Amino acid sequence: MKMIQRLLAGLFMPIRKNGAFFFFMYVLGLVCFYGVIPSNTRGYRIYEHPWSELFVDVYLLCVILTLFPEKIRKWVRRLFYVIAYSLAIIDVYCFVKFDSPITPTMLLLVGETNSREAGEFFTTYLTPDILWGRLTFVLVLLLIHIGYAVRFRKKKFSLRLHTDLSKWFYPLMGLITLVLFVVSLNACFPNKKAYHKLMSYDRIGDVEHELTEKNRAFMYQPIYRLVFSIYANRLTSKQLKVLIAGIDKAQVDSCSYTSKNIVLIIGESYNRYHSQLYGYEKETTPLQLERARKGELIPYTDVVAPWNLTSYVFKHLFSMYIVGDKGEWCDYPLFPELFRKAGYHVTFLTNQFLPKAREEVYDFSGGFFLNNPELSKAMFDTRNTRLYYFDEGLLKDYDNLKKESKENNLIIFHLKGQHTDYRTRCPKSKQFYTRDDYDRPGFSARERQIMAYYDNGTRYNDSIVNQIITRFEDEDAIVLYVPDHGEEVFSGDVHFYGRMHSTEITGRLAREEFDIPMWFYCSHEYMVNHPEIYSAIIRSKDKRFMTDAVPHLLLYLAGIHSKSYRPEMNILGEEYNEMRPRILKNTTDYDKIRIKK
């Protein structure tokens, strides 16, 4: 019995010897957790077990502290206090100022900030108003902790109990500690397991894919977010080193400048079956349809994306890598590098991939190589420097940058398109559909409104791409439109929108999330000057195609001769291999599961 009593009393000892540490760190953890929950939690996943996991974490810290001698333990505790409060202040401050806690992009931006920029930051953002609001709770707790430490620095108190009372009190507290620990560990263990899995990958793309899983890890404390941010930046730095080392290896043998102006428009989250151009009953693309009727816009009918994740698709769209090649995407040249080395003036206008504090890991993973200073300089002559609420802002950017264009130009537009949240993808003044326009029995008013939001976004996107085309109508220009991937929008009787990242790829899922629209626009001058290309476009519009081959198609349009170019991947060429397997997510042959149209 005495041995059991001693064992139970020993379970309480870590808390007894580190009582103040346990109390203040536990309270600080709760303040940090609730301090970064958005005021509007719609669509936000709130972690269910913060109290339990925090108990496990703080108790284990106390166990570790107990292993140190008292003199060392005191300094270890003080060091941890400094780290914990510093991270708490930074994390909550970032949420207050930038609407986001610590992210990989924030860490990346800090690393790229010089002393002048740091000074400007402090001048701009460290204002008295930050002392009020959510950050107040952290600061008040810090002051209370300091007051406690000062008040009891010399006078130490210890829990002294009568000998008979201590015989059962400490074992009882140990039993309570054991029960709380077991119950708490059982509640938070799945999250611990998910976090360990998240931190075990060797590629940033795998990390991003893991974060799309339903049971993904919830990084509920600043220390977890910081460690993850360091880890994500380390993974991206590996690929950046390979890409940067490959800049000089990207070679161009010659260039005939076949097309003077090549425009690539990259859309976002485009369900092809919500496009009027592809037979949708609602008028979502009237401007594209009118140009198609004139014969100047040619839609392709059998195009798929290799992934349903933006970052994965972007790496395939920019790299000369083809699905199934040896190595990774970063082992191959980026096509804008080849265009620049060939003498083209390359302009990149993005409304999504500019580094910003409030950035999901998906955008970080997709845009890190585009925003690296060395790679950006190797790929682009000019690019925009700000993001816009609506895509029309990019049109103004292009109008301002057009004066820098040369005789031969590659212009890349990257739109927000119909990216979630659909409600914000079309100005209110241009909304065309309401939920009452959808006769869908079994679907709620909310679901029908989401359908309307998506179709309004598609119609607005139609107006944007049409305005881009208008800017090249009187030039020798060819425009290629391709979105990154498809999107679920309540197809059939499925009550779901977005993307089902963790499910098996079925024919229905492939149809909605991987089938995409793709089309060429040729100006009148281009059709006259390049009848053979226009004819090739007409001939190939019904051929099978996957967008990982887009870079090879672009090099052909430019007349760039390079060992990186593979004619069998060029859908306009005579050597095109139409029957190559179109593998989705590196796992599934699209043509074996596709739904016949």
# chains A, B, ... in the order shown; residues from 1 in each chain; ligands from 1

call {"tool": "select_by_dssp", "arguments": {"residues": "stretch 367-541 of chain A", "states": "alpha helix (DSSP H)", "output": "PyMOL selection string"}}
result
chain A and resi 367-371+373-379+392-401+445-470+507-513+524-529+531-540

call {"tool": "select_by_dssp", "arguments": {"residues": "stretch 327-517 of chain A", "states": "strand (DSSP E or B)", "output": "MDAnalysis selection string"}}
result
chainID A and resid 334 345:350 382:383 409:414 477:483 488:489 497:498 515

call {"tool": "closest_atom_pairs", "arguments": {"of": "stretch 435-517 of chain A", "to": "stretch 258-282 of chain A", "cutoff": "10 Å", "atoms": "only C-alpha atoms", "output": "JSON lines"}}
result
{"residue": "A:Asp437", "atom": "CA", "partner": "A:Lys282", "partner_atom": "CA", "distance": 9.5}
{"residue": "A:Tyr438", "atom": "CA", "partner": "A:Lys282", "partner_atom": "CA", "distance": 9.9}
{"residue": "A:Met451", "atom": "CA", "partner": "A:His274", "partner_atom": "CA", "distance": 9.7}
{"residue": "A:Tyr454", "atom": "CA", "partner": "A:His274", "partner_atom": "CA", "distance": 8.6}
{"residue": "A:Asp455", "atom": "CA", "partner": "A:His274", "partner_atom": "CA", "distance": 6.9}
{"residue": "A:Gly457", "atom": "CA", "partner": "A:Tyr270", "partner_atom": "CA", "distance": 9.8}
{"residue": "A:Thr458", "atom": "CA", "partner": "A:Ser275", "partner_atom": "CA", "distance": 7.4}
{"residue": "A:Arg459", "atom": "CA", "partner": "A:Ser275", "partner_atom": "CA", "distance": 8.6}
{"residue": "A:Asn461", "atom": "CA", "partner": "A:Gly267", "partner_atom": "CA", "distance": 8.5}
{"residue": "A:Asp462", "atom": "CA", "partner": "A:Ser275", "partner_atom": "CA", "distance": 9.3}
{"residue": "A:Val465", "atom": "CA", "partner": "A:Ile265", "partner_atom": "CA", "distance": 7.8}
{"residue": "A:Ile468", "atom": "CA", "partner": "A:Ile265", "partner_atom": "CA", "distance": 8.8}
{"residue": "A:Ile469", "atom": "CA", "partner": "A:Val263", "partner_atom": "CA", "distance": 8.9}
{"residue": "A:Phe472", "atom": "CA", "partner": "A:Asn261", "partner_atom": "CA", "distance": 8.4}
{"residue": "A:Glu475", "atom": "CA", "partner": "A:Asn261", "partner_atom": "CA", "distance": 7.8}
{"residue": "A:Asp476", "atom": "CA", "partner": "A:Asn261", "partner_atom": "CA", "distance": 6.3}
{"residue": "A:Ala477", "atom": "CA", "partner": "A:Asn261", "partner_atom": "CA", "distance": 4.6}
{"residue": "A:Ile478", "atom": "CA", "partner": "A:Ile262", "partner_atom": "CA", "distance": 5.3}
{"residue": "A:Val479", "atom": "CA", "partner": "A:Val263", "partner_atom": "CA", "distance": 4.6}
{"residue": "A:Leu480", "atom": "CA", "partner": "A:Leu264", "partner_atom": "CA", "distance": 5.0}
{"residue": "A:Tyr481", "atom": "CA", "partner": "A:Ile265", "partner_atom": "CA", "distance": 4.7}
{"residue": "A:Val482", "atom": "CA", "partner": "A:Ile266", "partner_atom": "CA", "distance": 5.2}
{"residue": "A:Pro483", "atom": "CA", "partner": "A:Gly267", "partner_atom": "CA", "distance": 3.8}
{"residue": "A:Asp484", "atom": "CA", "partner": "A:Glu268", "partner_atom": "CA", "distance": 5.4}
{"residue": "A:His485", "atom": "CA", "partner": "A:Ser269", "partner_atom": "CA", "distance": 5.4}
{"residue": "A:Gly486", "atom": "CA", "partner": "A:Asn271", "partner_atom": "CA", "distance": 4.7}
{"residue": "A:Glu487", "atom": "CA", "partner": "A:Asn271", "partner_atom": "CA", "distance": 5.0}
{"residue": "A:Glu488", "atom": "CA", "partner": "A:Asn271", "partner_atom": "CA", "distance": 7.0}
{"residue": "A:Val489", "atom": "CA", "partner": "A:Asn271", "partner_atom": "CA", "distance": 7.6}
{"residue": "A:Ser491", "atom": "CA", "partner": "A:Tyr273", "partner_atom": "CA", "distance": 9.1}
{"residue": "A:Gly498", "atom": "CA", "partner": "A:Ser269", "partner_atom": "CA", "distance": 8.4}
{"residue": "A:Arg499", "atom": "CA", "partner": "A:Ser269", "partner_atom": "CA", "distance": 9.2}
{"residue": "A:Arg511", "atom": "CA", "partner": "A:Tyr273", "partner_atom": "CA", "distance": 8.9}
{"residue": "A:Glu512", "atom": "CA", "partner": "A:Asn271", "partner_atom": "CA", "distance": 6.3}
{"residue": "A:Glu513", "atom": "CA", "partner": "A:Asn271", "partner_atom": "CA", "distance": 7.1}
{"residue": "A:Phe514", "atom": "CA", "partner": "A:Asn271", "partner_atom": "CA", "distance": 8.6}
{"residue": "A:Asp515", "atom": "CA", "partner": "A:Arg272", "partner_atom": "CA", "distance": 6.8}
{"residue": "A:Ile516", "atom": "CA", "partner": "A:Arg272", "partner_atom": "CA", "distance": 5.1}
{"residue": "A:Pro517", "atom": "CA", "partner": "A:Arg272", "partner_atom": "CA", "distance": 5.2}

call {"tool": "closest_residue", "arguments": {"among": "A:Ile204, A:Met320, A:Ile583, A:Ala194", "to": "A:Lys238", "atoms": "only C-alpha atoms"}}
result
A:Ile204

call {"tool": "residues_around", "arguments": {"residues": "A:Ile505", "least_positions_apart": "3", "cutoff": "8 Å", "atoms": "only C-alpha atoms", "output": "ChimeraX atom specification"}}
result
/A:509-510,588

call {"tool": "write_last_selection", "arguments": {"atoms": "N, CA, C and O atoms", "output": "PDB file, in the first residue's frame"}}
result
ATOM      1  N   LEU A 509     -15.932  12.062 -59.450  1.00  0.00           N
ATOM      2  CA  LEU A 509     -15.038  13.060 -58.867  1.00  0.00           C
ATOM      3  C   LEU A 509     -14.088  13.613 -59.926  1.00  0.00           C
ATOM      4  O   LEU A 509     -13.835  14.825 -59.970  1.00  0.00           O
ATOM      5  N   ALA A 510     -13.544  12.737 -60.772  1.00  0.00           N
ATOM      6  CA  ALA A 510     -12.637  13.192 -61.827  1.00  0.00           C
ATOM      7  C   ALA A 510     -13.345  14.157 -62.766  1.00  0.00           C
ATOM      8  O   ALA A 510     -12.757  15.149 -63.213  1.00  0.00           O
ATOM      9  N   THR A 588      -4.003   7.509 -60.384  1.00  0.00           N
ATOM     10  CA  THR A 588      -5.177   7.019 -61.113  1.00  0.00           C
ATOM     11  C   THR A 588      -5.133   7.411 -62.573  1.00  0.00           C
ATOM     12  O   THR A 588      -4.950   8.597 -62.896  1.00  0.00           O
TER      13      THR A 588
END

call {"tool": "residues_around", "arguments": {"residues": "A:Ile230", "least_positions_apart": "3", "cutoff": "8 Å", "atoms": "only C-alpha atoms", "output": "compact mmCIF listing (two decimals) with N, CA, C and O atoms, in the first residue's frame"}}
result
# COMPACT_ATOMS: atom_id res chain seq x y z
N PRO A 104 4.08 29.98 -42.17
CA PRO A 104 5.37 29.86 -42.87
C PRO A 104 5.73 31.12 -43.65
O PRO A 104 6.91 31.49 -43.72
N LEU A 107 7.23 33.80 -41.45
CA LEU A 107 8.62 33.50 -41.13
C LEU A 107 9.52 33.80 -42.32
O LEU A 107 10.63 34.32 -42.17
N LEU A 226 5.03 27.81 -34.86
CA LEU A 226 6.39 28.25 -35.16
C LEU A 226 7.24 27.08 -35.66
O LEU A 226 7.95 27.20 -36.68
N VAL A 227 7.17 25.96 -34.97
CA VAL A 227 7.96 24.79 -35.37
C VAL A 227 7.53 24.33 -36.77
O VAL A 227 8.37 24.02 -37.62
N ASN A 233 9.48 25.95 -44.15
CA ASN A 233 10.48 26.75 -44.84
C ASN A 233 11.73 25.93 -45.16
O ASN A 233 12.38 26.13 -46.19
N ARG A 234 12.05 25.00 -44.28
CA ARG A 234 13.22 24.14 -44.54
C ARG A 234 12.96 23.25 -45.75
O ARG A 234 13.85 23.06 -46.59

call {"tool": "residues_around", "arguments": {"residues": "stretch 243-251 of chain A", "least_positions_apart": "4", "cutoff": "12 Å", "atoms": "only C-alpha atoms", "output": "number ranges by chain"}}
result
A: 236-239, 255, 315, 318-320, 328-342, 368-370, 372-379, 560-565

call {"tool": "residues_around", "arguments": {"residues": "A:Val183", "least_positions_apart": "5", "cutoff": "9 Å", "atoms": "only C-alpha atoms", "output": "list in words"}}
result
Ser52, Leu178 and Cys188 of chain A

call {"tool": "closest_residue", "arguments": {"among": "A:Asp302, A:Lys294, A:Asn351, A:Tyr526", "to": "A:Tyr590", "atoms": "only C-alpha atoms"}}
result
A:Asp302

call {"tool": "residues_around", "arguments": {"residues": "A:Phe390", "least_positions_apart": "3", "cutoff": "12 Å", "atoms": "only C-alpha atoms", "output": "JSON, numbers by chain"}}
result
{"A": [350, 351, 352, 386, 387, 393, 394, 395, 396, 415, 416, 417, 418, 419, 422, 423, 424, 425, 426, 427, 428, 430, 457, 460, 461, 463, 464]}

call {"tool": "closest_residue", "arguments": {"among": "A:Ala452, A:Ile4, A:Met569, A:Leu554", "to": "A:Asp439", "atoms": "only C-alpha atoms"}}
result
A:Ala452

call {"tool": "atom_distance", "arguments": {"atom1": "atom CA of A:Arg539", "atom2": "atom CA of A:Pro286"}}
result
24.2 Å

call {"tool": "atom_distance", "arguments": {"atom1": "atom CA of A:Arg448", "atom2": "atom CA of A:Thr434"}}
result
8.0 Å

call {"tool": "closest_residue", "arguments": {"among": "A:Val252, A:Ile450, A:Ile46, A:Leu87", "to": "A:Gly29", "atoms": "only C-alpha atoms"}}
result
A:Leu87

call {"tool": "decode", "arguments": {"residues": "stretch 545-557 of chain A", "atoms": "all heavy atoms", "output": "PDB file, in the first residue's frame"}}
result
ATOM      1  N   PHE A 545      -5.642  15.643 -73.615  1.00  0.00           N
ATOM      2  CA  PHE A 545      -4.545  16.513 -73.173  1.00  0.00           C
ATOM      3  C   PHE A 545      -4.577  16.617 -71.661  1.00  0.00           C
ATOM      4  O   PHE A 545      -5.635  16.583 -71.030  1.00  0.00           O
ATOM      5  CB  PHE A 545      -4.698  17.905 -73.795  1.00  0.00           C
ATOM      6  CG  PHE A 545      -3.521  18.824 -73.559  1.00  0.00           C
ATOM      7  CD1 PHE A 545      -2.297  18.589 -74.168  1.00  0.00           C
ATOM      8  CD2 PHE A 545      -3.637  19.928 -72.732  1.00  0.00           C
ATOM      9  CE1 PHE A 545      -1.205  19.437 -73.966  1.00  0.00           C
ATOM     10  CE2 PHE A 545      -2.562  20.789 -72.519  1.00  0.00           C
ATOM     11  CZ  PHE A 545      -1.345  20.541 -73.142  1.00  0.00           C
ATOM     12  N   MET A 546      -3.379  16.726 -71.055  1.00  0.00           N
ATOM     13  CA  MET A 546      -3.260  17.010 -69.625  1.00  0.00           C
ATOM     14  C   MET A 546      -2.328  18.204 -69.475  1.00  0.00           C
ATOM     15  O   MET A 546      -1.327  18.321 -70.172  1.00  0.00           O
ATOM     16  CB  MET A 546      -2.741  15.800 -68.852  1.00  0.00           C
ATOM     17  CG  MET A 546      -2.824  15.991 -67.335  1.00  0.00           C
ATOM     18  SD  MET A 546      -2.751  14.437 -66.385  1.00  0.00           S
ATOM     19  CE  MET A 546      -1.019  14.019 -66.560  1.00  0.00           C
ATOM     20  N   THR A 547      -2.640  19.083 -68.532  1.00  0.00           N
ATOM     21  CA  THR A 547      -2.004  20.403 -68.497  1.00  0.00           C
ATOM     22  C   THR A 547      -0.567  20.411 -67.999  1.00  0.00           C
ATOM     23  O   THR A 547       0.073  21.464 -67.994  1.00  0.00           O
ATOM     24  CB  THR A 547      -2.835  21.380 -67.651  1.00  0.00           C
ATOM     25  OG1 THR A 547      -3.011  20.833 -66.331  1.00  0.00           O
ATOM     26  CG2 THR A 547      -4.188  21.604 -68.297  1.00  0.00           C
ATOM     27  N   ASP A 548      -0.029  19.271 -67.571  1.00  0.00           N
ATOM     28  CA  ASP A 548       1.395  19.257 -67.241  1.00  0.00           C
ATOM     29  C   ASP A 548       2.246  19.478 -68.486  1.00  0.00           C
ATOM     30  O   ASP A 548       3.439  19.808 -68.392  1.00  0.00           O
ATOM     31  CB  ASP A 548       1.789  17.948 -66.557  1.00  0.00           C
ATOM     32  CG  ASP A 548       1.488  16.725 -67.416  1.00  0.00           C
ATOM     33  OD1 ASP A 548       0.604  16.806 -68.286  1.00  0.00           O
ATOM     34  OD2 ASP A 548       2.133  15.677 -67.211  1.00  0.00           O
ATOM     35  N   ALA A 549       1.626  19.326 -69.679  1.00  0.00           N
ATOM     36  CA  ALA A 549       2.355  19.503 -70.940  1.00  0.00           C
ATOM     37  C   ALA A 549       2.251  20.922 -71.489  1.00  0.00           C
ATOM     38  O   ALA A 549       2.806  21.215 -72.557  1.00  0.00           O
ATOM     39  CB  ALA A 549       1.837  18.512 -71.986  1.00  0.00           C
ATOM     40  N   VAL A 550       1.584  21.818 -70.781  1.00  0.00           N
ATOM     41  CA  VAL A 550       1.421  23.200 -71.262  1.00  0.00           C
ATOM     42  C   VAL A 550       2.756  23.880 -71.564  1.00  0.00           C
ATOM     43  O   VAL A 550       2.889  24.575 -72.584  1.00  0.00           O
ATOM     44  CB  VAL A 550       0.597  24.031 -70.252  1.00  0.00           C
ATOM     45  CG1 VAL A 550       0.768  25.539 -70.497  1.00  0.00           C
ATOM     46  CG2 VAL A 550      -0.882  23.662 -70.360  1.00  0.00           C
ATOM     47  N   PRO A 551       3.798  23.738 -70.728  1.00  0.00           N
ATOM     48  CA  PRO A 551       5.074  24.401 -71.046  1.00  0.00           C
ATOM     49  C   PRO A 551       5.644  24.004 -72.406  1.00  0.00           C
ATOM     50  O   PRO A 551       6.227  24.839 -73.105  1.00  0.00           O
ATOM     51  CB  PRO A 551       5.987  23.952 -69.903  1.00  0.00           C
ATOM     52  CG  PRO A 551       5.068  23.699 -68.765  1.00  0.00           C
ATOM     53  CD  PRO A 551       3.848  23.100 -69.393  1.00  0.00           C
ATOM     54  N   HIS A 552       5.501  22.757 -72.801  1.00  0.00           N
ATOM     55  CA  HIS A 552       6.016  22.295 -74.091  1.00  0.00           C
ATOM     56  C   HIS A 552       5.212  22.916 -75.235  1.00  0.00           C
ATOM     57  O   HIS A 552       5.775  23.279 -76.278  1.00  0.00           O
ATOM     58  CB  HIS A 552       5.971  20.767 -74.149  1.00  0.00           C
ATOM     59  CG  HIS A 552       6.832  20.122 -73.106  1.00  0.00           C
ATOM     60  ND1 HIS A 552       8.156  19.811 -73.314  1.00  0.00           N
ATOM     61  CD2 HIS A 552       6.552  19.766 -71.820  1.00  0.00           C
ATOM     62  CE1 HIS A 552       8.660  19.282 -72.218  1.00  0.00           C
ATOM     63  NE2 HIS A 552       7.709  19.239 -71.290  1.00  0.00           N
ATOM     64  N   LEU A 553       3.907  23.056 -75.016  1.00  0.00           N
ATOM     65  CA  LEU A 553       3.054  23.724 -75.994  1.00  0.00           C
ATOM     66  C   LEU A 553       3.469  25.188 -76.168  1.00  0.00           C
ATOM     67  O   LEU A 553       3.553  25.703 -77.289  1.00  0.00           O
ATOM     68  CB  LEU A 553       1.594  23.632 -75.525  1.00  0.00           C
ATOM     69  CG  LEU A 553       0.557  24.496 -76.231  1.00  0.00           C
ATOM     70  CD1 LEU A 553       0.482  24.160 -77.711  1.00  0.00           C
ATOM     71  CD2 LEU A 553      -0.811  24.303 -75.575  1.00  0.00           C
ATOM     72  N   LEU A 554       3.774  25.859 -75.070  1.00  0.00           N
ATOM     73  CA  LEU A 554       4.164  27.272 -75.124  1.00  0.00           C
ATOM     74  C   LEU A 554       5.506  27.454 -75.840  1.00  0.00           C
ATOM     75  O   LEU A 554       5.678  28.410 -76.612  1.00  0.00           O
ATOM     76  CB  LEU A 554       4.238  27.851 -73.708  1.00  0.00           C
ATOM     77  CG  LEU A 554       2.899  27.953 -72.957  1.00  0.00           C
ATOM     78  CD1 LEU A 554       3.124  28.370 -71.515  1.00  0.00           C
ATOM     79  CD2 LEU A 554       1.965  28.946 -73.655  1.00  0.00           C
ATOM     80  N   LEU A 555       6.444  26.558 -75.577  1.00  0.00           N
ATOM     81  CA  LEU A 555       7.736  26.662 -76.263  1.00  0.00           C
ATOM     82  C   LEU A 555       7.565  26.496 -77.773  1.00  0.00           C
ATOM     83  O   LEU A 555       8.239  27.176 -78.555  1.00  0.00           O
ATOM     84  CB  LEU A 555       8.710  25.609 -75.720  1.00  0.00           C
ATOM     85  CG  LEU A 555       9.727  26.125 -74.689  1.00  0.00           C
ATOM     86  CD1 LEU A 555       9.039  26.583 -73.417  1.00  0.00           C
ATOM     87  CD2 LEU A 555      10.771  25.057 -74.380  1.00  0.00           C
ATOM     88  N   TYR A 556       6.662  25.627 -78.169  1.00  0.00           N
ATOM     89  CA  TYR A 556       6.392  25.451 -79.598  1.00  0.00           C
ATOM     90  C   TYR A 556       5.822  26.732 -80.197  1.00  0.00           C
ATOM     91  O   TYR A 556       6.237  27.166 -81.286  1.00  0.00           O
ATOM     92  CB  TYR A 556       5.401  24.298 -79.799  1.00  0.00           C
ATOM     93  CG  TYR A 556       4.847  24.220 -81.188  1.00  0.00           C
ATOM     94  CD1 TYR A 556       5.588  23.688 -82.244  1.00  0.00           C
ATOM     95  CD2 TYR A 556       3.560  24.702 -81.467  1.00  0.00           C
ATOM     96  CE1 TYR A 556       5.069  23.635 -83.537  1.00  0.00           C
ATOM     97  CE2 TYR A 556       3.035  24.658 -82.750  1.00  0.00           C
ATOM     98  CZ  TYR A 556       3.795  24.125 -83.777  1.00  0.00           C
ATOM     99  OH  TYR A 556       3.281  24.071 -85.057  1.00  0.00           O
ATOM    100  N   LEU A 557       4.882  27.361 -79.490  1.00  0.00           N
ATOM    101  CA  LEU A 557       4.281  28.597 -79.999  1.00  0.00           C
ATOM    102  C   LEU A 557       5.328  29.697 -80.148  1.00  0.00           C
ATOM    103  O   LEU A 557       5.216  30.557 -81.023  1.00  0.00           O
ATOM    104  CB  LEU A 557       3.164  29.068 -79.062  1.00  0.00           C
ATOM    105  CG  LEU A 557       1.901  28.195 -79.015  1.00  0.00           C
ATOM    106  CD1 LEU A 557       0.938  28.707 -77.950  1.00  0.00           C
ATOM    107  CD2 LEU A 557       1.212  28.183 -80.386  1.00  0.00           C
TER     108      LEU A 557
END
